[in-house]
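This is data17.json. It holds JSON, C-alpha atoms.
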[["chain", "number", "residue", "atom", "x", "y", "z"],
["A", 1, "MET", "CA", 133.05, 72.37, 93.44],
["A", 2, "LEU", "CA", 132.77, 68.86, 92.16],
["A", 3, "THR", "CA", 133.64, 68.68, 88.50],
["A", 4, "GLU", "CA", 133.27, 65.65, 86.31],
["A", 5, "PRO", "CA", 137.03, 64.97, 85.99],
["A", 6, "LEU", "CA", 137.34, 65.21, 89.75],
["A", 7, "ILE", "CA", 134.49, 62.78, 90.27],
["A", 8, "ILE", "CA", 135.96, 60.37, 87.74],
["A", 9, "ALA", "CA", 139.32, 60.62, 89.47],
["A", 10, "LEU", "CA", 137.69, 59.97, 92.83],
["A", 11, "ILE", "CA", 135.74, 56.97, 91.58],
["A", 12, "VAL", "CA", 138.68, 55.43, 89.79],
["A", 13, "GLY", "CA", 140.92, 56.26, 92.73],
["A", 14, "ALA", "CA", 138.57, 54.67, 95.28],
["A", 15, "THR", "CA", 138.22, 51.47, 93.31],
["A", 16, "GLY", "CA", 141.92, 51.36, 92.49],
["A", 17, "ILE", "CA", 143.10, 52.01, 96.01],
["A", 18, "SER", "CA", 140.74, 49.52, 97.63],
["A", 19, "SER", "CA", 141.57, 46.83, 95.10],
["A", 20, "SER", "CA", 145.29, 47.47, 95.52],
["A", 21, "VAL", "CA", 145.06, 47.31, 99.32],
["A", 22, "GLY", "CA", 143.01, 44.12, 99.07],
["A", 23, "LEU", "CA", 145.51, 42.52, 96.72],
["A", 24, "TRP", "CA", 148.45, 43.66, 98.82],
["A", 25, "GLN", "CA", 146.92, 42.14, 101.95],
["A", 26, "TYR", "CA", 145.97, 39.00, 100.07],
["A", 27, "ILE", "CA", 149.49, 38.52, 98.74],
["A", 28, "GLY", "CA", 150.91, 39.29, 102.18],
["A", 29, "SER", "CA", 148.70, 36.69, 103.79],
["A", 30, "ARG", "CA", 149.41, 34.09, 101.11],
["A", 31, "GLY", "CA", 153.12, 34.65, 101.60],
["A", 32, "LYS", "CA", 152.84, 33.32, 105.13],
["A", 33, "LYS", "CA", 152.51, 29.76, 106.17],
["A", 34, "PRO", "CA", 148.93, 28.57, 105.68],
["A", 35, "ILE", "CA", 147.10, 27.18, 108.67],
["A", 36, "ASP", "CA", 144.51, 24.50, 108.15],
["A", 37, "THR", "CA", 141.20, 24.59, 109.92],
["A", 38, "ALA", "CA", 141.87, 21.65, 112.24],
["A", 39, "THR", "CA", 145.15, 23.14, 113.48],
["A", 40, "ALA", "CA", 143.54, 26.51, 114.03],
["A", 41, "MET", "CA", 140.60, 24.98, 115.88],
["A", 42, "ALA", "CA", 142.87, 22.83, 118.04],
["A", 43, "ALA", "CA", 145.03, 25.82, 118.93],
["A", 44, "VAL", "CA", 142.00, 27.97, 119.72],
["A", 45, "ALA", "CA", 140.52, 25.16, 121.81],
["A", 46, "ALA", "CA", 143.80, 24.82, 123.73],
["A", 47, "GLN", "CA", 143.89, 28.57, 124.20],
["A", 48, "THR", "CA", 140.29, 28.52, 125.44],
["A", 49, "GLN", "CA", 141.15, 25.71, 127.85],
["A", 50, "GLY", "CA", 144.20, 27.63, 129.06],
["A", 51, "MET", "CA", 142.16, 30.77, 129.54],
["A", 52, "THR", "CA", 139.50, 28.82, 131.41],
["A", 53, "LEU", "CA", 142.05, 27.22, 133.71],
["A", 54, "ALA", "CA", 143.63, 30.60, 134.34],
["A", 55, "LEU", "CA", 140.21, 32.00, 135.13],
["A", 56, "VAL", "CA", 139.46, 29.13, 137.53],
["A", 57, "GLU", "CA", 142.81, 29.66, 139.23],
["A", 58, "GLN", "CA", 142.13, 33.36, 139.57],
["A", 59, "LEU", "CA", 138.69, 32.68, 141.00],
["A", 60, "GLN", "CA", 140.16, 30.22, 143.50],
["A", 61, "GLU", "CA", 142.68, 32.83, 144.63],
["A", 62, "GLU", "CA", 139.95, 35.40, 145.01],
["A", 63, "MET", "CA", 137.83, 32.92, 146.98],
["A", 64, "ALA", "CA", 140.75, 32.12, 149.29],
["A", 65, "ALA", "CA", 141.27, 35.84, 149.86],
["A", 66, "MET", "CA", 137.56, 36.26, 150.52],
["A", 67, "ARG", "CA", 137.64, 33.35, 152.95],
["A", 68, "THR", "CA", 140.50, 35.02, 154.86],
["A", 69, "ASP", "CA", 138.61, 38.29, 154.86],
["A", 70, "HIS", "CA", 135.53, 36.46, 156.04],
["A", 71, "ALA", "CA", 137.40, 34.87, 158.95],
["A", 72, "ALA", "CA", 138.81, 38.24, 159.95],
["A", 73, "THR", "CA", 135.35, 39.74, 159.74],
["A", 74, "ARG", "CA", 133.94, 37.01, 161.94],
["A", 75, "THR", "CA", 136.63, 37.62, 164.56],
["A", 76, "THR", "CA", 135.91, 41.33, 164.49],
["A", 77, "LEU", "CA", 132.22, 40.63, 164.72],
["A", 78, "ALA", "CA", 132.70, 38.36, 167.73],
["A", 79, "ARG", "CA", 134.80, 41.03, 169.41],
["A", 80, "LEU", "CA", 132.15, 43.63, 168.72],
["A", 81, "GLN", "CA", 129.42, 41.36, 170.03],
["A", 82, "HIS", "CA", 131.38, 40.80, 173.20],
["A", 83, "ALA", "CA", 131.92, 44.53, 173.60],
["A", 84, "LEU", "CA", 128.28, 45.18, 172.95],
["A", 85, "ARG", "CA", 127.22, 42.62, 175.53],
["A", 86, "SER", "CA", 129.58, 44.18, 178.08],
["A", 87, "HIS", "CA", 128.20, 47.63, 177.29],
["A", 88, "GLN", "CA", 124.70, 46.33, 177.59],
["A", 89, "GLU", "CA", 125.40, 44.81, 180.99],
["A", 90, "GLN", "CA", 127.00, 48.01, 182.16],
["A", 91, "TRP", "CA", 124.11, 50.02, 180.89],
["A", 92, "GLU", "CA", 121.58, 47.75, 182.55],
["A", 93, "SER", "CA", 123.47, 48.00, 185.81],
["A", 94, "TRP", "CA", 123.58, 51.74, 185.51],
["A", 95, "TYR", "CA", 119.88, 51.86, 184.67],
["A", 96, "ARG", "CA", 119.00, 49.68, 187.60],
["A", 97, "ARG", "CA", 120.96, 51.95, 189.88],
["A", 98, "LEU", "CA", 119.38, 54.99, 188.36],
["A", 99, "MET", "CA", 115.94, 53.57, 188.90],
["A", 100, "LEU", "CA", 116.72, 52.88, 192.51],
["A", 101, "GLU", "CA", 118.08, 56.36, 192.97],
["A", 102, "TRP", "CA", 115.12, 57.82, 191.23],
["A", 103, "ALA", "CA", 112.80, 55.85, 193.41],
["A", 104, "SER", "CA", 114.55, 57.04, 196.53],
["A", 105, "VAL", "CA", 114.53, 60.63, 195.31],
["A", 106, "ARG", "CA", 110.86, 60.31, 194.58],
["A", 107, "LEU", "CA", 110.24, 58.95, 198.03],
["A", 108, "LEU", "CA", 112.11, 61.89, 199.50],
["A", 109, "ALA", "CA", 110.51, 64.37, 197.18],
["A", 110, "THR", "CA", 107.06, 63.30, 198.13],
["A", 111, "PRO", "CA", 107.29, 62.68, 201.85],
["A", 112, "PRO", "CA", 104.38, 61.09, 203.53],
["A", 113, "ALA", "CA", 101.60, 63.40, 204.41],
["A", 114, "PRO", "CA", 101.94, 64.81, 207.92],
["A", 115, "PRO", "CA", 99.81, 63.16, 210.46],
["A", 116, "THR", "CA", 96.63, 64.84, 211.45],
["A", 117, "PHE", "CA", 96.69, 65.43, 215.22],
["A", 118, "GLN", "CA", 93.62, 65.35, 217.34],
["A", 119, "ASP", "CA", 94.73, 68.48, 219.06],
["A", 120, "ASP", "CA", 92.59, 69.62, 221.99],
["A", 121, "THR", "CA", 95.10, 72.06, 223.38],
["A", 122, "PRO", "CA", 93.30, 75.24, 224.10],
["A", 123, "SER", "CA", 94.38, 78.39, 222.51],
["A", 124, "TRP", "CA", 95.89, 81.22, 224.43],
["A", 125, "GLY", "CA", 92.84, 83.39, 224.38],
["A", 126, "ASP", "CA", 90.50, 80.82, 225.42],
["A", 127, "ASP", "CA", 91.53, 80.31, 229.02],
["A", 128, "THR", "CA", 88.56, 79.25, 230.98],
["A", 129, "THR", "CA", 90.42, 78.17, 234.13],
["A", 130, "THR", "CA", 91.08, 81.71, 235.35],
["B", 1, "MET", "CA", 150.50, 42.43, 110.59],
["B", 2, "SER", "CA", 151.34, 43.44, 114.14],
["B", 3, "GLU", "CA", 151.16, 41.16, 117.14],
["B", 4, "PRO", "CA", 147.67, 40.96, 118.61],
["B", 5, "THR", "CA", 147.07, 42.42, 122.03],
["B", 6, "PRO", "CA", 145.89, 40.19, 124.91],
["B", 7, "ALA", "CA", 142.48, 41.87, 124.72],
["B", 8, "GLN", "CA", 142.19, 41.02, 121.02],
["B", 9, "ILE", "CA", 143.19, 37.42, 121.70],
["B", 10, "HIS", "CA", 140.68, 37.21, 124.52],
["B", 11, "ALA", "CA", 137.86, 38.71, 122.48],
["B", 12, "THR", "CA", 138.58, 36.64, 119.40],
["B", 13, "VAL", "CA", 138.85, 33.36, 121.28],
["B", 14, "LEU", "CA", 135.69, 34.04, 123.23],
["B", 15, "GLU", "CA", 133.71, 35.26, 120.23],
["B", 16, "ASP", "CA", 134.99, 32.74, 117.82],
["B", 17, "GLY", "CA", 136.15, 29.68, 119.64],
["B", 18, "GLN", "CA", 135.27, 27.31, 116.88],
["B", 19, "GLY", "CA", 137.37, 28.58, 114.04],
["B", 20, "SER", "CA", 135.40, 31.41, 112.50],
["B", 21, "ARG", "CA", 132.97, 30.55, 109.80],
["B", 22, "ALA", "CA", 130.67, 33.08, 108.23],
["B", 23, "THR", "CA", 127.22, 33.05, 109.75],
["B", 24, "PRO", "CA", 124.08, 32.47, 107.67],
["B", 25, "PHE", "CA", 123.27, 36.14, 108.19],
["B", 26, "THR", "CA", 126.61, 37.11, 106.67],
["B", 27, "LEU", "CA", 125.96, 34.86, 103.70],
["B", 28, "VAL", "CA", 122.53, 36.42, 103.11],
["B", 29, "TRP", "CA", 124.11, 39.85, 103.44],
["B", 30, "TYR", "CA", 126.80, 39.05, 100.85],
["B", 31, "THR", "CA", 124.28, 37.44, 98.52],
["B", 32, "SER", "CA", 122.06, 40.52, 98.60],
["B", 33, "TRP", "CA", 125.04, 42.63, 97.61],
["B", 34, "LEU", "CA", 125.87, 40.19, 94.84],
["B", 35, "VAL", "CA", 122.36, 40.67, 93.48],
["B", 36, "MET", "CA", 122.75, 44.43, 93.75],
["B", 37, "GLY", "CA", 126.04, 44.24, 91.87],
["B", 38, "VAL", "CA", 124.44, 42.23, 89.10],
["B", 39, "VAL", "CA", 121.61, 44.75, 88.92],
["B", 40, "GLN", "CA", 124.16, 47.54, 88.62],
["B", 41, "ILE", "CA", 125.86, 45.76, 85.75],
["B", 42, "ALA", "CA", 122.53, 45.17, 84.10],
["B", 43, "GLY", "CA", 121.67, 48.84, 84.53],
["B", 44, "GLY", "CA", 124.98, 49.86, 83.02],
["B", 45, "LEU", "CA", 124.54, 47.49, 80.09],
["B", 46, "ILE", "CA", 120.98, 48.69, 79.50],
["B", 47, "ALA", "CA", 122.24, 52.25, 79.45],
["B", 48, "GLU", "CA", 125.02, 51.25, 77.09],
["B", 49, "TRP", "CA", 122.69, 49.56, 74.69],
["B", 50, "SER", "CA", 119.81, 51.95, 75.05],
["B", 51, "PRO", "CA", 119.34, 54.00, 71.89],
["B", 52, "SER", "CA", 117.93, 56.88, 73.91],
["B", 53, "LYS", "CA", 120.98, 56.99, 76.20],
["B", 54, "ALA", "CA", 118.67, 57.96, 79.01],
["B", 55, "LEU", "CA", 121.29, 57.12, 81.61],
["B", 56, "ASP", "CA", 124.53, 59.03, 81.42],
["B", 57, "ASN", "CA", 127.83, 57.73, 82.74],
["B", 58, "HIS", "CA", 126.85, 54.13, 82.31],
["B", 59, "TRP", "CA", 130.46, 53.15, 82.72],
["B", 60, "VAL", "CA", 130.21, 54.15, 86.37],
["B", 61, "ALA", "CA", 127.33, 51.71, 86.87],
["B", 62, "LEU", "CA", 129.32, 49.03, 85.04],
["B", 63, "LEU", "CA", 132.40, 49.70, 87.16],
["B", 64, "ILE", "CA", 130.45, 49.69, 90.43],
["B", 65, "GLY", "CA", 128.51, 46.60, 89.41],
["B", 66, "THR", "CA", 131.65, 44.74, 88.43],
["B", 67, "MET", "CA", 133.46, 45.65, 91.64],
["B", 68, "VAL", "CA", 130.53, 44.71, 93.84],
["B", 69, "THR", "CA", 129.78, 41.50, 91.95],
["B", 70, "VAL", "CA", 133.37, 40.30, 91.83],
["B", 71, "GLY", "CA", 133.98, 41.36, 95.43],
["B", 72, "THR", "CA", 130.92, 39.70, 96.87],
["B", 73, "ALA", "CA", 131.55, 36.57, 94.81],
["B", 74, "LEU", "CA", 135.02, 36.43, 96.36],
["B", 75, "MET", "CA", 133.57, 37.01, 99.82],
["B", 76, "LEU", "CA", 131.02, 34.26, 99.35],
["B", 77, "TRP", "CA", 133.69, 31.92, 98.05],
["B", 78, "GLY", "CA", 136.01, 32.80, 100.93],
["B", 79, "ALA", "CA", 133.21, 32.34, 103.44],
["B", 80, "ARG", "CA", 132.99, 28.76, 102.24],
["B", 81, "ARG", "CA", 135.94, 26.50, 102.87],
["B", 82, "VAL", "CA", 138.84, 27.37, 100.58],
["B", 83, "GLN", "CA", 141.83, 25.05, 101.13],
["B", 84, "THR", "CA", 142.87, 26.33, 104.54],
["B", 85, "ILE", "CA", 141.23, 28.65, 106.98],
["B", 86, "THR", "CA", 143.84, 31.36, 106.39],
["B", 87, "THR", "CA", 143.19, 31.16, 102.65],
["B", 88, "SER", "CA", 139.47, 31.54, 103.33],
["B", 89, "TRP", "CA", 140.10, 34.66, 105.35],
["B", 90, "ALA", "CA", 142.52, 36.05, 102.75],
["B", 91, "VAL", "CA", 140.00, 35.53, 99.94],
["B", 92, "GLU", "CA", 137.12, 36.95, 101.96],
["B", 93, "ARG", "CA", 139.20, 39.97, 102.92],
["B", 94, "LEU", "CA", 140.24, 40.56, 99.30],
["B", 95, "GLY", "CA", 136.57, 40.42, 98.36],
["B", 96, "ALA", "CA", 135.72, 42.84, 101.18],
["B", 97, "PHE", "CA", 138.23, 45.39, 99.91],
["B", 98, "VAL", "CA", 137.08, 45.06, 96.29],
["B", 99, "THR", "CA", 133.42, 45.39, 97.31],
["B", 100, "ALA", "CA", 134.29, 48.33, 99.57],
["B", 101, "GLY", "CA", 135.85, 50.03, 96.55],
["B", 102, "GLY", "CA", 132.65, 49.44, 94.60],
["B", 103, "TRP", "CA", 130.45, 50.90, 97.31],
["B", 104, "ALA", "CA", 132.81, 53.83, 97.82],
["B", 105, "ALA", "CA", 132.50, 54.56, 94.10],
["B", 106, "TYR", "CA", 128.74, 54.21, 94.47],
["B", 107, "ALA", "CA", 128.77, 56.77, 97.29],
["B", 108, "ILE", "CA", 130.89, 59.19, 95.25],
["B", 109, "ALA", "CA", 128.63, 58.75, 92.23],
["B", 110, "GLY", "CA", 125.60, 59.26, 94.46],
["B", 111, "VAL", "CA", 127.00, 62.52, 95.81],
["B", 112, "TRP", "CA", 127.68, 63.60, 92.28],
["B", 113, "ALA", "CA", 124.23, 62.64, 90.99],
["B", 114, "SER", "CA", 122.28, 64.19, 93.81],
["B", 115, "PHE", "CA", 123.81, 65.29, 97.04],
["B", 116, "ALA", "CA", 120.36, 66.38, 98.22],
["B", 117, "THR", "CA", 119.20, 62.77, 98.13],
["B", 118, "PRO", "CA", 121.33, 61.16, 100.80],
["B", 119, "ALA", "CA", 119.62, 57.77, 100.81],
["B", 120, "ALA", "CA", 121.77, 56.49, 97.94],
["B", 121, "TRP", "CA", 125.18, 57.81, 98.89],
["B", 122, "LEU", "CA", 124.68, 57.17, 102.61],
["B", 123, "PHE", "CA", 124.03, 53.54, 101.72],
["B", 124, "GLY", "CA", 127.36, 53.53, 99.89],
["B", 125, "VAL", "CA", 129.16, 55.11, 102.84],
["B", 126, "ALA", "CA", 127.61, 52.71, 105.35],
["B", 127, "SER", "CA", 128.38, 49.67, 103.19],
["B", 128, "THR", "CA", 131.99, 50.77, 102.71],
["B", 129, "ALA", "CA", 132.38, 51.26, 106.46],
["B", 130, "ALA", "CA", 130.84, 47.86, 107.19],
["B", 131, "LEU", "CA", 133.17, 46.16, 104.73],
["B", 132, "LEU", "CA", 136.27, 47.86, 106.09],
["B", 133, "ALA", "CA", 135.19, 46.77, 109.58],
["B", 134, "ARG", "CA", 134.74, 43.22, 108.33],
["B", 135, "ALA", "CA", 138.20, 43.31, 106.71],
["B", 136, "GLN", "CA", 139.66, 44.55, 109.98],
["B", 137, "THR", "CA", 137.92, 41.74, 111.86],
["B", 138, "LEU", "CA", 139.38, 39.17, 109.50],
["B", 139, "THR", "CA", 142.84, 40.71, 109.81],
["B", 140, "THR", "CA", 142.65, 40.57, 113.61],
["B", 141, "ARG", "CA", 141.32, 37.02, 113.51],
["B", 142, "GLU", "CA", 144.16, 35.89, 111.29],
["B", 143, "ALA", "CA", 146.74, 37.63, 113.48],
["B", 144, "VAL", "CA", 145.31, 36.06, 116.62],
["B", 145, "THR", "CA", 145.15, 32.59, 115.06],
["B", 146, "ARG", "CA", 148.73, 32.82, 113.82],
["B", 147, "HIS", "CA", 149.81, 33.99, 117.25],
["B", 148, "ILE", "CA", 147.99, 31.16, 119.04],
["B", 149, "VAL", "CA", 149.18, 28.48, 116.63],
["B", 150, "GLY", "CA", 152.72, 29.83, 116.86],
["B", 151, "ALA", "CA", 152.56, 29.80, 120.64],
["B", 152, "ALA", "CA", 150.98, 26.36, 120.86]]

Write the structure described by the file as structure tokens, please.
Amino acid sequence: MLTEPLIIALIVGATGISSSVGLWQYIGSRGKKPIDTATAMAAVAAQTQGMTLALVEQLQEEMAAMRTDHAATRTTLARLQHALRSHQEQWESWYRRLMLEWASVRLLATPPAPPTFQDDTPSWGDDTTT
Amino acid sequence: MSEPTPAQIHATVLEDGQGSRATPFTLVWYTSWLVMGVVQIAGGLIAEWSPSKALDNHWVALLIGTMVTVGTALMLWGARRVQTITTSWAVERLGAFVTAGGWAAYAIAGVWASFATPAAWLFGVASTAALLARAQTLTTREAVTRHIVGAA
């Protein structure tokens, strides 16, 4: 378990290691060429501008591609509309014909009622002349 | 320091297009830690000078207090303008590591004093993690800036 010497070693170790790492990084950074704030800001601003221009360019390319896609879609749509109109005309023609046929079938199916004859022909068993 | 990745450059430039200064929130955060460090030192000194010796291991409080106080003072100084922006970052990062050491010691001492009371040592762990994250942010920022300036 945790004993006092171990805890002391951990505490001293943690502070020592972190301080050493901090110093090592500090010395490493100070060993490099310093950059003043104005230079850094100018470079970052230029980078931002470059990134913005790149983004605009990319958006323009995507818009051009979308425009091409849109034109192709419109052509397809026009073709489909034409096809639909043709189908509609055909269907209407067929329907008209069907209706006519149906009407004729109906006329045949329900023939006019037979005429009612005023029939005075005597029946065979009703001969009064002989 | 390795070369920054395009994603790091992108994120850093977008997040920090105007040259990276510490925010007021960061300054308040550092100042509160500075006060806590001073309180730790005071506690350690009180224990040292107390005839009753009510607090044991006062040297731990003194050590933690010194680390946190010195570290946060460095961070506050670095967060202000120090010569060049790279110097500012270097000083702030040094302070972050020193303070992180102080809070790590605080966490270890908290575990030792009372593991069953996690409020104290969890604070130490969280503070250490936050400081290491801040140090990493500063390292990345410096690498990105050097890369951009070198490329410009």

Cut-off 12 Å: closest chain A/chain B atom pairs per residue, using only C-alpha atoms, as JSON lines:
{"residue": "A:Met1", "atom": "CA", "partner": "B:Trp112", "partner_atom": "CA", "distance": 10.3}
{"residue": "A:Leu2", "atom": "CA", "partner": "B:Trp112", "partner_atom": "CA", "distance": 7.3}
{"residue": "A:Thr3", "atom": "CA", "partner": "B:Trp112", "partner_atom": "CA", "distance": 8.7}
{"residue": "A:Glu4", "atom": "CA", "partner": "B:Trp112", "partner_atom": "CA", "distance": 8.4}
{"residue": "A:Pro5", "atom": "CA", "partner": "B:Trp112", "partner_atom": "CA", "distance": 11.4}
{"residue": "A:Leu6", "atom": "CA", "partner": "B:Trp112", "partner_atom": "CA", "distance": 10.1}
{"residue": "A:Ile7", "atom": "CA", "partner": "B:Ile108", "partner_atom": "CA", "distance": 7.1}
{"residue": "A:Ile8", "atom": "CA", "partner": "B:Val60", "partner_atom": "CA", "distance": 8.6}
{"residue": "A:Ala9", "atom": "CA", "partner": "B:Ala105", "partner_atom": "CA", "distance": 10.2}
{"residue": "A:Leu10", "atom": "CA", "partner": "B:Ile108", "partner_atom": "CA", "distance": 7.3}
{"residue": "A:Ile11", "atom": "CA", "partner": "B:Ala105", "partner_atom": "CA", "distance": 4.8}
{"residue": "A:Val12", "atom": "CA", "partner": "B:Ala105", "partner_atom": "CA", "distance": 7.6}
{"residue": "A:Gly13", "atom": "CA", "partner": "B:Ala105", "partner_atom": "CA", "distance": 8.7}
{"residue": "A:Ala14", "atom": "CA", "partner": "B:Gly101", "partner_atom": "CA", "distance": 5.5}
{"residue": "A:Thr15", "atom": "CA", "partner": "B:Gly101", "partner_atom": "CA", "distance": 4.3}
{"residue": "A:Gly16", "atom": "CA", "partner": "B:Gly101", "partner_atom": "CA", "distance": 7.4}
{"residue": "A:Ile17", "atom": "CA", "partner": "B:Gly101", "partner_atom": "CA", "distance": 7.5}
{"residue": "A:Ser18", "atom": "CA", "partner": "B:Gly101", "partner_atom": "CA", "distance": 5.0}
{"residue": "A:Ser19", "atom": "CA", "partner": "B:Val98", "partner_atom": "CA", "distance": 5.0}
{"residue": "A:Ser20", "atom": "CA", "partner": "B:Phe97", "partner_atom": "CA", "distance": 8.6}
{"residue": "A:Val21", "atom": "CA", "partner": "B:Phe97", "partner_atom": "CA", "distance": 7.1}
{"residue": "A:Gly22", "atom": "CA", "partner": "B:Leu94", "partner_atom": "CA", "distance": 4.5}
{"residue": "A:Leu23", "atom": "CA", "partner": "B:Leu94", "partner_atom": "CA", "distance": 6.2}
{"residue": "A:Trp24", "atom": "CA", "partner": "B:Leu94", "partner_atom": "CA", "distance": 8.8}
{"residue": "A:Gln25", "atom": "CA", "partner": "B:Leu94", "partner_atom": "CA", "distance": 7.4}
{"residue": "A:Tyr26", "atom": "CA", "partner": "B:Ala90", "partner_atom": "CA", "distance": 5.3}
{"residue": "A:Ile27", "atom": "CA", "partner": "B:Ala90", "partner_atom": "CA", "distance": 8.4}
{"residue": "A:Gly28", "atom": "CA", "partner": "B:Met1", "partner_atom": "CA", "distance": 9.0}
{"residue": "A:Ser29", "atom": "CA", "partner": "B:Ala90", "partner_atom": "CA", "distance": 6.3}
{"residue": "A:Arg30", "atom": "CA", "partner": "B:Thr87", "partner_atom": "CA", "distance": 7.0}
{"residue": "A:Gly31", "atom": "CA", "partner": "B:Thr87", "partner_atom": "CA", "distance": 10.6}
{"residue": "A:Lys32", "atom": "CA", "partner": "B:Thr86", "partner_atom": "CA", "distance": 9.3}
{"residue": "A:Lys33", "atom": "CA", "partner": "B:Thr86", "partner_atom": "CA", "distance": 8.8}
{"residue": "A:Pro34", "atom": "CA", "partner": "B:Thr86", "partner_atom": "CA", "distance": 5.8}
{"residue": "A:Ile35", "atom": "CA", "partner": "B:Thr86", "partner_atom": "CA", "distance": 5.8}
{"residue": "A:Asp36", "atom": "CA", "partner": "B:Thr84", "partner_atom": "CA", "distance": 4.4}
{"residue": "A:Thr37", "atom": "CA", "partner": "B:Ile85", "partner_atom": "CA", "distance": 5.0}
{"residue": "A:Ala38", "atom": "CA", "partner": "B:Gly19", "partner_atom": "CA", "distance": 8.5}
{"residue": "A:Thr39", "atom": "CA", "partner": "B:Val149", "partner_atom": "CA", "distance": 7.4}
{"residue": "A:Ala40", "atom": "CA", "partner": "B:Thr145", "partner_atom": "CA", "distance": 6.4}
{"residue": "A:Met41", "atom": "CA", "partner": "B:Gly19", "partner_atom": "CA", "distance": 5.2}
{"residue": "A:Ala42", "atom": "CA", "partner": "B:Val149", "partner_atom": "CA", "distance": 8.6}
{"residue": "A:Ala43", "atom": "CA", "partner": "B:Val149", "partner_atom": "CA", "distance": 5.4}
{"residue": "A:Val44", "atom": "CA", "partner": "B:Gly17", "partner_atom": "CA", "distance": 6.1}
{"residue": "A:Ala45", "atom": "CA", "partner": "B:Gly17", "partner_atom": "CA", "distance": 6.7}
{"residue": "A:Ala46", "atom": "CA", "partner": "B:Ala152", "partner_atom": "CA", "distance": 7.9}
{"residue": "A:Gln47", "atom": "CA", "partner": "B:Ile148", "partner_atom": "CA", "distance": 7.1}
{"residue": "A:Thr48", "atom": "CA", "partner": "B:Val13", "partner_atom": "CA", "distance": 6.5}
{"residue": "A:Gln49", "atom": "CA", "partner": "B:Val13", "partner_atom": "CA", "distance": 10.3}
{"residue": "A:Gly50", "atom": "CA", "partner": "B:Ala152", "partner_atom": "CA", "distance": 10.7}
{"residue": "A:Met51", "atom": "CA", "partner": "B:His10", "partner_atom": "CA", "distance": 8.3}
{"residue": "A:Thr52", "atom": "CA", "partner": "B:Leu14", "partner_atom": "CA", "distance": 10.4}
{"residue": "A:Leu55", "atom": "CA", "partner": "B:His10", "partner_atom": "CA", "distance": 11.8}

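Between atom CA of Ile41 of chain B and atom CA of Leu62 of chain B the separation is 4.8 Å.
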
### Query
Any idea what's packed within 7 Å of Gly44 of chain B, counting only C-alpha atoms, ignoring anything in its chain fewer than 4 positions away? Could you give it as a list in words?
Gln40, Glu48, His58, Trp59, Ala61 and Leu62 of chain B

### Task
List the neighbours of Trp29 of chain B out to 10 Å using all atoms listed in the file; skip same-chain residues closer than 5 positions along the sequence, and give me the result as a list in words.
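In the requested format, the answer is Thr23, Pro24, Leu34, Thr72 and Leu76 of chain B.
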
With 8 Å on each side, where is the centre of the axis-aligned box around all listed atoms of segment 80-95 of chain A, and how long are its edges in Å to one decimal, as AutoDock Vina command-line options?
--center_x 126.0 --center_y 46.3 --center_z 177.3 --size_x 28.3 --size_y 27.1 --size_z 33.1

### Message
As an exercise, work out the distance from atom CA of Gln81 of chain A to atom CA of Ala64 of chain A in Å and give it to one decimal place.
### Response
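So the two atoms, atom CA of Gln81 of chain A and atom CA of Ala64 of chain A, lie 25.4 Å apart.
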
### Task
Please measure the separation of atom CA of Glu92 of chain A and atom CA of Arg74 of chain A, giving the value in Å to one decimal.
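Computed distance, atom CA of Glu92 of chain A to atom CA of Arg74 of chain A, equals 26.3 Å.
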